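Next up, run-v8.pdb (PDB, C-alpha atoms):
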ATOM      1  CA  MET A  30      -5.470  15.550 -10.437  1.00  0.00           C
ATOM      2  CA  PHE A  31      -8.599  15.725 -12.561  1.00  0.00           C
ATOM      3  CA  ASP A  32      -9.559  13.741 -15.602  1.00  0.00           C
ATOM      4  CA  THR A  33     -10.736  15.724 -18.550  1.00  0.00           C
ATOM      5  CA  PRO A  34     -14.544  16.008 -18.497  1.00  0.00           C
ATOM      6  CA  SER A  35     -14.733  14.516 -21.987  1.00  0.00           C
ATOM      7  CA  SER A  36     -13.190  11.230 -20.880  1.00  0.00           C
ATOM      8  CA  PRO A  37     -14.696  10.246 -17.524  1.00  0.00           C
ATOM      9  CA  LYS A  38     -12.059   7.599 -17.022  1.00  0.00           C
ATOM     10  CA  PRO A  39     -12.722   5.251 -14.160  1.00  0.00           C
ATOM     11  CA  ARG A  40      -9.845   5.035 -11.755  1.00  0.00           C
ATOM     12  CA  ILE A  41      -8.644   2.119  -9.762  1.00  0.00           C
ATOM     13  CA  ARG A  42      -7.739   2.002  -6.146  1.00  0.00           C
ATOM     14  CA  ILE A  43      -6.075  -0.901  -4.476  1.00  0.00           C
ATOM     15  CA  LEU A  44      -6.673  -1.826  -0.895  1.00  0.00           C
ATOM     16  CA  ILE A  45      -4.953  -4.542   1.040  1.00  0.00           C
ATOM     17  CA  GLY A  46      -7.329  -6.966   2.709  1.00  0.00           C
ATOM     18  CA  ASP A  47     -10.394  -5.843   4.636  1.00  0.00           C
ATOM     19  CA  THR A  48      -8.398  -3.333   6.574  1.00  0.00           C
ATOM     20  CA  VAL A  49      -6.945  -0.588   4.504  1.00  0.00           C
ATOM     21  CA  ALA A  50      -3.309  -1.079   5.426  1.00  0.00           C
ATOM     22  CA  LEU A  51      -2.443   1.377   2.728  1.00  0.00           C
ATOM     23  CA  GLY A  52      -4.971   3.129   0.534  1.00  0.00           C
ATOM     24  CA  PRO A  53      -5.121   6.373  -1.397  1.00  0.00           C
ATOM     25  CA  GLY A  54      -5.762   8.529   1.688  1.00  0.00           C
ATOM     26  CA  LYS A  55      -2.882   7.142   3.706  1.00  0.00           C
ATOM     27  CA  VAL A  56      -0.603   7.255   0.685  1.00  0.00           C
ATOM     28  CA  ARG A  57      -1.376  10.913   0.050  1.00  0.00           C
ATOM     29  CA  LEU A  58      -0.793  11.648   3.715  1.00  0.00           C
ATOM     30  CA  LEU A  59       2.591   9.903   3.668  1.00  0.00           C
ATOM     31  CA  GLU A  60       3.572  11.852   0.572  1.00  0.00           C
ATOM     32  CA  ALA A  61       2.468  15.104   2.172  1.00  0.00           C
ATOM     33  CA  ILE A  62       4.479  14.335   5.318  1.00  0.00           C
ATOM     34  CA  GLU A  63       7.497  13.619   3.147  1.00  0.00           C
ATOM     35  CA  GLN A  64       7.035  16.949   1.348  1.00  0.00           C
ATOM     36  CA  THR A  65       6.292  19.109   4.373  1.00  0.00           C
ATOM     37  CA  GLY A  66       8.321  17.365   7.066  1.00  0.00           C
ATOM     38  CA  SER A  67       5.446  17.678   9.507  1.00  0.00           C
ATOM     39  CA  ILE A  68       2.212  15.870  10.321  1.00  0.00           C
ATOM     40  CA  ALA A  69       0.450  19.166  11.079  1.00  0.00           C
ATOM     41  CA  ALA A  70       1.552  20.769   7.806  1.00  0.00           C
ATOM     42  CA  ALA A  71       0.647  17.625   5.861  1.00  0.00           C
ATOM     43  CA  ALA A  72      -2.806  17.620   7.452  1.00  0.00           C
ATOM     44  CA  ARG A  73      -3.303  21.303   6.597  1.00  0.00           C
ATOM     45  CA  ALA A  74      -2.186  20.715   3.009  1.00  0.00           C
ATOM     46  CA  MET A  75      -4.798  17.967   2.725  1.00  0.00           C
ATOM     47  CA  GLY A  76      -7.575  19.880   4.458  1.00  0.00           C
ATOM     48  CA  MET A  77      -7.604  17.199   7.160  1.00  0.00           C
ATOM     49  CA  SER A  78      -7.735  17.733  10.902  1.00  0.00           C
ATOM     50  CA  TYR A  79      -4.524  17.135  12.798  1.00  0.00           C
ATOM     51  CA  GLY A  80      -6.317  14.573  14.942  1.00  0.00           C
ATOM     52  CA  ARG A  81      -7.377  12.573  11.920  1.00  0.00           C
ATOM     53  CA  ALA A  82      -3.899  12.701  10.380  1.00  0.00           C
ATOM     54  CA  TRP A  83      -2.349  11.588  13.622  1.00  0.00           C
ATOM     55  CA  GLN A  84      -4.883   8.758  13.882  1.00  0.00           C
ATOM     56  CA  LEU A  85      -3.940   7.543  10.381  1.00  0.00           C
ATOM     57  CA  VAL A  86      -0.243   7.753  11.184  1.00  0.00           C
ATOM     58  CA  ARG A  87      -0.740   5.741  14.372  1.00  0.00           C
ATOM     59  CA  ALA A  88      -2.722   3.116  12.456  1.00  0.00           C
ATOM     60  CA  MET A  89      -0.039   2.794   9.782  1.00  0.00           C
ATOM     61  CA  ASN A  90       2.757   2.676  12.315  1.00  0.00           C
ATOM     62  CA  GLY A  91       0.914  -0.095  14.118  1.00  0.00           C
ATOM     63  CA  ASP A  92       0.025  -2.141  11.032  1.00  0.00           C
ATOM     64  CA  PHE A  93       3.513  -2.411   9.608  1.00  0.00           C
ATOM     65  CA  VAL A  94       6.480  -4.296  11.029  1.00  0.00           C
ATOM     66  CA  SER A  95       8.051  -0.975  11.961  1.00  0.00           C
ATOM     67  CA  PRO A  96       6.839   2.642  11.794  1.00  0.00           C
ATOM     68  CA  LEU A  97       6.315   4.387   8.449  1.00  0.00           C
ATOM     69  CA  VAL A  98       6.457   7.823  10.061  1.00  0.00           C
ATOM     70  CA  GLN A  99       8.889   8.971  12.675  1.00  0.00           C
ATOM     71  CA  ARG A 100       8.303  12.009  14.864  1.00  0.00           C
ATOM     72  CA  GLU A 101      11.287  14.136  15.576  1.00  0.00           C
ATOM     73  CA  ALA A 102      11.570  15.761  18.964  1.00  0.00           C
ATOM     74  CA  GLY A 103      11.737  19.398  18.041  1.00  0.00           C
ATOM     75  CA  GLY A 104      12.559  22.750  19.425  1.00  0.00           C
ATOM     76  CA  ARG A 105      10.251  25.692  19.106  1.00  0.00           C
ATOM     77  CA  GLY A 106       6.721  24.755  18.005  1.00  0.00           C
ATOM     78  CA  GLY A 107       7.221  21.048  18.461  1.00  0.00           C
ATOM     79  CA  GLY A 108       9.139  18.631  16.293  1.00  0.00           C
ATOM     80  CA  GLY A 109       8.614  17.610  12.711  1.00  0.00           C
ATOM     81  CA  ALA A 110       8.006  14.192  11.242  1.00  0.00           C
ATOM     82  CA  SER A 111       9.659  12.195   8.528  1.00  0.00           C
ATOM     83  CA  VAL A 112       8.860   9.169   6.450  1.00  0.00           C
ATOM     84  CA  THR A 113      11.112   6.244   7.357  1.00  0.00           C
ATOM     85  CA  ASP A 114      12.956   4.013   4.910  1.00  0.00           C
ATOM     86  CA  LEU A 115      10.191   1.455   5.357  1.00  0.00           C
ATOM     87  CA  GLY A 116       7.638   4.159   4.659  1.00  0.00           C
ATOM     88  CA  ARG A 117       9.326   5.090   1.410  1.00  0.00           C
ATOM     89  CA  ASP A 118       9.606   1.433   0.484  1.00  0.00           C
ATOM     90  CA  ALA A 119       5.884   0.923   1.150  1.00  0.00           C
ATOM     91  CA  LEU A 120       5.022   4.008  -0.921  1.00  0.00           C
ATOM     92  CA  THR A 121       7.101   2.863  -3.875  1.00  0.00           C
ATOM     93  CA  ARG A 122       5.636  -0.620  -3.790  1.00  0.00           C
ATOM     94  CA  TYR A 123       2.090   0.688  -3.457  1.00  0.00           C
ATOM     95  CA  ARG A 124       2.482   2.962  -6.476  1.00  0.00           C
ATOM     96  CA  GLU A 125       3.984   0.072  -8.417  1.00  0.00           C
ATOM     97  CA  ILE A 126       1.064  -2.214  -7.535  1.00  0.00           C
ATOM     98  CA  GLU A 127      -1.349   0.516  -8.580  1.00  0.00           C
ATOM     99  CA  ARG A 128       0.452   0.934 -11.905  1.00  0.00           C
ATOM    100  CA  THR A 129       0.622  -2.792 -12.630  1.00  0.00           C
ATOM    101  CA  ALA A 130      -3.041  -3.381 -11.806  1.00  0.00           C
ATOM    102  CA  GLY A 131      -4.130  -0.327 -13.783  1.00  0.00           C
ATOM    103  CA  ALA A 132      -2.200  -1.376 -16.856  1.00  0.00           C
ATOM    104  CA  ALA A 133      -3.573  -4.927 -16.656  1.00  0.00           C
ATOM    105  CA  VAL A 134      -7.199  -3.789 -16.774  1.00  0.00           C
ATOM    106  CA  GLU A 135      -6.899  -0.688 -18.930  1.00  0.00           C
ATOM    107  CA  ALA A 136      -8.878  -2.123 -21.828  1.00  0.00           C
ATOM    108  CA  GLU A 137     -11.516  -3.737 -19.613  1.00  0.00           C
ATOM    109  CA  VAL A 138     -12.018  -0.508 -17.682  1.00  0.00           C
ATOM    110  CA  ALA A 139     -12.354   1.484 -20.895  1.00  0.00           C
ATOM    111  CA  GLU A 140     -15.081  -0.910 -22.021  1.00  0.00           C
ATOM    112  CA  PHE A 141     -16.743  -0.743 -18.615  1.00  0.00           C
ATOM    113  CA  SER A 142     -16.828   3.042 -18.781  1.00  0.00           C
ATOM    114  CA  GLU A 143     -19.139   2.793 -21.768  1.00  0.00           C
ATOM    115  CA  LEU A 144     -21.814   1.569 -19.357  1.00  0.00           C
ATOM    116  CA  LEU A 145     -21.504   4.826 -17.449  1.00  0.00           C
ATOM    117  CA  LYS A 146     -23.211   8.075 -18.245  1.00  0.00           C
ATOM    118  CA  ALA A 147     -20.900  10.619 -19.817  1.00  0.00           C
ATOM    119  CA  VAL A 148     -19.922  13.305 -17.358  1.00  0.00           C
ATOM    120  CA  THR A 149     -21.083  16.721 -18.510  1.00  0.00           C
ATOM    121  CA  GLU A 150     -19.931  19.723 -16.578  1.00  0.00           C
TER     122      GLU A 150
ATOM    123  CA  MET B  17     -15.588 -13.077   3.524  1.00  0.00           C
ATOM    124  CA  PHE B  18     -12.116 -12.923   5.068  1.00  0.00           C
ATOM    125  CA  ASP B  19      -8.814 -13.426   3.403  1.00  0.00           C
ATOM    126  CA  THR B  20      -6.303 -15.606   5.111  1.00  0.00           C
ATOM    127  CA  PRO B  21      -3.888 -13.435   7.057  1.00  0.00           C
ATOM    128  CA  SER B  22      -1.038 -14.651   4.880  1.00  0.00           C
ATOM    129  CA  SER B  23      -2.556 -13.394   1.629  1.00  0.00           C
ATOM    130  CA  PRO B  24      -3.914  -9.852   1.768  1.00  0.00           C
ATOM    131  CA  LYS B  25      -5.918  -9.312  -1.378  1.00  0.00           C
ATOM    132  CA  PRO B  26      -6.043  -6.002  -3.157  1.00  0.00           C
ATOM    133  CA  ARG B  27      -9.502  -4.579  -3.688  1.00  0.00           C
ATOM    134  CA  ILE B  28     -10.540  -2.553  -6.645  1.00  0.00           C
ATOM    135  CA  ARG B  29     -12.786   0.438  -6.906  1.00  0.00           C
ATOM    136  CA  ILE B  30     -13.904   1.913 -10.182  1.00  0.00           C
ATOM    137  CA  LEU B  31     -14.258   5.638  -9.877  1.00  0.00           C
ATOM    138  CA  ILE B  32     -15.589   8.350 -12.108  1.00  0.00           C
ATOM    139  CA  GLY B  33     -13.509  11.273 -11.065  1.00  0.00           C
ATOM    140  CA  ASP B  34     -13.640  11.099  -7.286  1.00  0.00           C
ATOM    141  CA  THR B  35     -16.958   9.291  -7.058  1.00  0.00           C
ATOM    142  CA  VAL B  36     -17.073   5.517  -6.724  1.00  0.00           C
ATOM    143  CA  ALA B  37     -19.223   4.284  -9.628  1.00  0.00           C
ATOM    144  CA  LEU B  38     -18.834   0.703  -8.552  1.00  0.00           C
ATOM    145  CA  GLY B  39     -16.856  -0.586  -5.594  1.00  0.00           C
ATOM    146  CA  PRO B  40     -17.012  -3.528  -3.201  1.00  0.00           C
ATOM    147  CA  GLY B  41     -19.959  -2.149  -1.208  1.00  0.00           C
ATOM    148  CA  LYS B  42     -22.190  -1.449  -4.181  1.00  0.00           C
ATOM    149  CA  VAL B  43     -21.267  -4.762  -5.759  1.00  0.00           C
ATOM    150  CA  ARG B  44     -22.194  -6.683  -2.614  1.00  0.00           C
ATOM    151  CA  LEU B  45     -25.480  -4.799  -2.461  1.00  0.00           C
ATOM    152  CA  LEU B  46     -26.291  -5.632  -6.079  1.00  0.00           C
ATOM    153  CA  GLU B  47     -25.527  -9.285  -5.426  1.00  0.00           C
ATOM    154  CA  ALA B  48     -27.705  -9.266  -2.320  1.00  0.00           C
ATOM    155  CA  ILE B  49     -30.601  -7.691  -4.251  1.00  0.00           C
ATOM    156  CA  GLU B  50     -30.205 -10.356  -6.905  1.00  0.00           C
ATOM    157  CA  GLN B  51     -30.303 -13.073  -4.233  1.00  0.00           C
ATOM    158  CA  THR B  52     -33.140 -11.696  -2.141  1.00  0.00           C
ATOM    159  CA  GLY B  53     -35.245  -9.953  -4.785  1.00  0.00           C
ATOM    160  CA  SER B  54     -35.697  -6.956  -2.520  1.00  0.00           C
ATOM    161  CA  ILE B  55     -33.764  -3.855  -1.512  1.00  0.00           C
ATOM    162  CA  ALA B  56     -35.040  -4.114   2.078  1.00  0.00           C
ATOM    163  CA  ALA B  57     -34.031  -7.774   2.400  1.00  0.00           C
ATOM    164  CA  ALA B  58     -30.664  -7.067   0.786  1.00  0.00           C
ATOM    165  CA  ALA B  59     -30.057  -4.218   3.235  1.00  0.00           C
ATOM    166  CA  ARG B  60     -30.975  -6.464   6.172  1.00  0.00           C
ATOM    167  CA  ALA B  61     -28.672  -9.214   4.920  1.00  0.00           C
ATOM    168  CA  MET B  62     -25.820  -6.709   4.800  1.00  0.00           C
ATOM    169  CA  GLY B  63     -26.605  -5.085   8.142  1.00  0.00           C
ATOM    170  CA  MET B  64     -27.224  -1.824   6.292  1.00  0.00           C
ATOM    171  CA  SER B  65     -30.107   0.577   6.813  1.00  0.00           C
ATOM    172  CA  TYR B  66     -32.806   0.608   4.156  1.00  0.00           C
ATOM    173  CA  GLY B  67     -32.174   4.321   3.622  1.00  0.00           C
ATOM    174  CA  ARG B  68     -28.511   3.756   2.916  1.00  0.00           C
ATOM    175  CA  ALA B  69     -29.226   0.863   0.530  1.00  0.00           C
ATOM    176  CA  TRP B  70     -31.781   2.913  -1.321  1.00  0.00           C
ATOM    177  CA  GLN B  71     -29.323   5.818  -1.539  1.00  0.00           C
ATOM    178  CA  LEU B  72     -26.696   3.532  -3.088  1.00  0.00           C
ATOM    179  CA  VAL B  73     -29.226   2.103  -5.550  1.00  0.00           C
ATOM    180  CA  ARG B  74     -30.280   5.605  -6.600  1.00  0.00           C
ATOM    181  CA  ALA B  75     -26.647   6.627  -7.077  1.00  0.00           C
ATOM    182  CA  MET B  76     -25.898   3.568  -9.223  1.00  0.00           C
ATOM    183  CA  ASN B  77     -29.051   3.966 -11.255  1.00  0.00           C
ATOM    184  CA  GLY B  78     -28.072   7.567 -11.923  1.00  0.00           C
ATOM    185  CA  ASP B  79     -24.433   6.915 -12.790  1.00  0.00           C
ATOM    186  CA  PHE B  80     -25.037   4.286 -15.447  1.00  0.00           C
ATOM    187  CA  VAL B  81     -26.618   4.734 -18.863  1.00  0.00           C
ATOM    188  CA  SER B  82     -29.698   2.897 -17.597  1.00  0.00           C
ATOM    189  CA  PRO B  83     -30.729   1.570 -14.168  1.00  0.00           C
ATOM    190  CA  LEU B  84     -28.914  -1.379 -12.594  1.00  0.00           C
ATOM    191  CA  VAL B  85     -31.805  -2.077 -10.226  1.00  0.00           C
ATOM    192  CA  GLN B  86     -35.467  -2.059 -11.088  1.00  0.00           C
ATOM    193  CA  ARG B  87     -38.202  -1.770  -8.504  1.00  0.00           C
ATOM    194  CA  GLU B  88     -41.240  -3.846  -9.075  1.00  0.00           C
ATOM    195  CA  ALA B  89     -44.592  -2.437  -8.096  1.00  0.00           C
ATOM    196  CA  GLY B  90     -45.808  -5.017  -5.666  1.00  0.00           C
ATOM    197  CA  GLY B  91     -48.870  -6.123  -3.843  1.00  0.00           C
ATOM    198  CA  ARG B  92     -48.910  -6.696  -0.127  1.00  0.00           C
ATOM    199  CA  GLY B  93     -45.892  -5.257   1.679  1.00  0.00           C
ATOM    200  CA  GLY B  94     -44.623  -3.343  -1.307  1.00  0.00           C
ATOM    201  CA  GLY B  95     -42.850  -4.560  -4.375  1.00  0.00           C
ATOM    202  CA  GLY B  96     -39.549  -6.270  -4.772  1.00  0.00           C
ATOM    203  CA  ALA B  97     -36.552  -5.266  -6.778  1.00  0.00           C
ATOM    204  CA  SER B  98     -34.479  -6.982  -9.387  1.00  0.00           C
ATOM    205  CA  VAL B  99     -31.105  -6.485 -10.997  1.00  0.00           C
ATOM    206  CA  THR B 100     -31.463  -5.517 -14.650  1.00  0.00           C
ATOM    207  CA  ASP B 101     -29.548  -7.011 -17.566  1.00  0.00           C
ATOM    208  CA  LEU B 102     -27.234  -4.001 -17.448  1.00  0.00           C
ATOM    209  CA  GLY B 103     -26.784  -4.572 -13.720  1.00  0.00           C
ATOM    210  CA  ARG B 104     -25.759  -8.168 -14.289  1.00  0.00           C
ATOM    211  CA  ASP B 105     -23.431  -7.091 -17.085  1.00  0.00           C
ATOM    212  CA  ALA B 106     -21.807  -4.485 -14.828  1.00  0.00           C
ATOM    213  CA  LEU B 107     -21.415  -7.085 -12.058  1.00  0.00           C
ATOM    214  CA  THR B 108     -19.790  -9.595 -14.369  1.00  0.00           C
ATOM    215  CA  ARG B 109     -17.404  -7.038 -15.806  1.00  0.00           C
ATOM    216  CA  TYR B 110     -16.517  -5.700 -12.374  1.00  0.00           C
ATOM    217  CA  ARG B 111     -15.692  -9.158 -11.068  1.00  0.00           C
ATOM    218  CA  GLU B 112     -13.623  -9.787 -14.174  1.00  0.00           C
ATOM    219  CA  ILE B 113     -11.699  -6.527 -13.741  1.00  0.00           C
ATOM    220  CA  GLU B 114     -11.125  -7.442 -10.108  1.00  0.00           C
ATOM    221  CA  ARG B 115      -9.825 -10.875 -11.102  1.00  0.00           C
ATOM    222  CA  THR B 116      -7.527  -9.552 -13.813  1.00  0.00           C
ATOM    223  CA  ALA B 117      -6.079  -6.812 -11.630  1.00  0.00           C
ATOM    224  CA  GLY B 118      -5.696  -9.163  -8.674  1.00  0.00           C
ATOM    225  CA  ALA B 119      -3.884 -11.771 -10.731  1.00  0.00           C
ATOM    226  CA  ALA B 120      -1.572  -9.143 -12.213  1.00  0.00           C
ATOM    227  CA  VAL B 121      -0.364  -7.953  -8.823  1.00  0.00           C
ATOM    228  CA  GLU B 122      -0.528 -11.196  -6.851  1.00  0.00           C
ATOM    229  CA  ALA B 123       3.228 -11.543  -6.437  1.00  0.00           C
ATOM    230  CA  GLU B 124       3.761  -7.846  -5.677  1.00  0.00           C
ATOM    231  CA  VAL B 125       0.991  -7.864  -3.076  1.00  0.00           C
ATOM    232  CA  ALA B 126       2.411 -10.990  -1.440  1.00  0.00           C
ATOM    233  CA  GLU B 127       5.767  -9.238  -1.164  1.00  0.00           C
ATOM    234  CA  PHE B 128       4.116  -6.091   0.120  1.00  0.00           C
ATOM    235  CA  SER B 129       2.360  -8.073   2.814  1.00  0.00           C
ATOM    236  CA  GLU B 130       5.709  -8.973   4.300  1.00  0.00           C
ATOM    237  CA  LEU B 131       5.996  -5.347   5.378  1.00  0.00           C
ATOM    238  CA  LEU B 132       2.826  -5.791   7.439  1.00  0.00           C
ATOM    239  CA  LYS B 133       2.618  -7.200  10.918  1.00  0.00           C
ATOM    240  CA  ALA B 134       1.297 -10.747  10.965  1.00  0.00           C
ATOM    241  CA  VAL B 135      -2.358 -10.818  11.927  1.00  0.00           C
ATOM    242  CA  THR B 136      -2.882 -12.715  15.147  1.00  0.00           C
ATOM    243  CA  GLU B 137      -6.439 -13.433  16.161  1.00  0.00           C
TER     244      GLU B 137
END
Represent the structure contained in this file as structure tokens.
Amino acid sequence: MFDTPSSPKPRIRILIGDTVALGPGKVRLLEAIEQTGSIAAAARAMGMSYGRAWQLVRAMNGDFVSPLVQREAGGRGGGGASVTDLGRDALTRYREIERTAGAAVEAEVAEFSELLKAVTE
Amino acid sequence: MFDTPSSPKPRIRILIGDTVALGPGKVRLLEAIEQTGSIAAAARAMGMSYGRAWQLVRAMNGDFVSPLVQREAGGRGGGGASVTDLGRDALTRYREIERTAGAAVEAEVAEFSELLKAVTE
């Protein structure tokens, strides 16, 4: 999760368009929902309010051709949630785009980082 | 300012750790300062408060090995501001990184965009 302090490596984030259809926050949320099987648990794991998580899920579900997250009607304590096939597809593609872009600019970013102050902790 | 709905462009942010050293907002601010010769005018042009613009300038000036924006002691109405040589260098490199990364993932992003609802305005 953290870069070593000795190499303050710039990181790259990729956003689609002016609206963040899928960015790092939404991607982490999707991954957390996949791991926990619940929007509430995913929100807790991310230190995010349930309301905010639900807002992000609604936005994603509305922006894509079909939902990325499906709520399951549940028994006790309400239902869980799962990432749909489209959601997993979007996640995989997003990570791939991130990897491709990162690899393409690795050298340029390393050079750029020389303009930045070294991080001392 | 807007991409055509059919081609959502990825945007790049260069981060040190979790902090954005240079991203689209800071880059636009730098460009506006270069064009207007003033932090206040740049802020106005971007619909940003002067306080926020000044906060971003201070952050950038602190993150890089030397300032990206220089304030000029002025006469009537206070001084202007200019982008330093390092600031212009950072801008050029950032735009280049953005171009390289964007070109590398153009096809993948176009495919990804097919998962998104068409934008109707």
task: Write out as a ChimeraX atom specification which residues come within 12 Å of Leu97 in chain A when counting all atoms listed in the file, dropping same-chain ones fewer than 3 positions away.
output: /A:50-51,55-56,58-60,62-63,85-94,100,110-120 /B:131-132
field: Test item: which residues lie within 9 Å of (1.7, 15.8, 6.2) counting all atoms listed in the file, as a list in words
entry: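 The residues near that point, listed by chain and number, are Arg57, Leu58, Leu59, Glu60, Ala61, Ile62, Glu63, Gln64, Thr65, Gly66, Ser67, Ile68, Ala69, Ala70, Ala71, Ala72, Arg73, Ala74, Met75, Ala82 and Ala110 of chain A.
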field: Point-to-point distance in Å for CA of Gly96 in chain B and CA of Ile30 in chain B
entry: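 Distance between the two atoms: 27.5 Å.
CA of Thr129 in chain A lies 6.7 Å from CA of Ala120 in chain B.
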task: Give me, please, the distance in Å between CA of Met64 in chain B and CA of Ser82 in chain B, quoted to one decimal.
output: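 Computing the Euclidean distance for CA of Met64 in chain B and CA of Ser82 in chain B yields 24.5 Å.
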query: Do you know which residues are at most 12 Å from Glu135 in chain A counting all atoms listed in the file, after dropping those on the same chain fewer than 3 positions away, and could you put them as an NGL selection string?
result: (:A and (38-41 or 127-132 or 138-142)) or (:B and (30 or 113-114 or 116-117))
query: In terms of the shortest atom-to-atom distance over only C-alpha atoms, which of B:Pro83, B:Gly63, B:Gln71, B:Gly41 is closest to Lys146 in chain A?
result: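 Closest candidate: B:Pro83.
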Range 93-112 of chain B: axis-aligned bounding box, 4 Å on each side, centre and edge lengths in Å, one decimal, as JSON:
{"center_x": -29.8, "center_y": -6.6, "center_z": -7.9, "size_x": 40.3, "size_y": 14.4, "size_z": 27.2}
message: Ranking A:Ala102, A:Gly80, A:Gly52, A:Gly108 by minimum distance to chain B and counting all atoms listed in the file, which one comes first?
response: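 Comparing A:Ala102, A:Gly80, A:Gly52, A:Gly108 against chain B, the winner is A:Gly52.
Distances to chain B were evaluated for A:Arg42, A:Glu125, A:Arg81, A:Glu101 using all atoms listed in the file, and the minimum falls at A:Arg42.
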query: Which one is closest to chain B: A:Val134, A:Trp83, A:Pro53, A:Ser78? Count only C-alpha atoms.
result: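 Residue with the minimum atom-to-atom distance to chain B: A:Val134.
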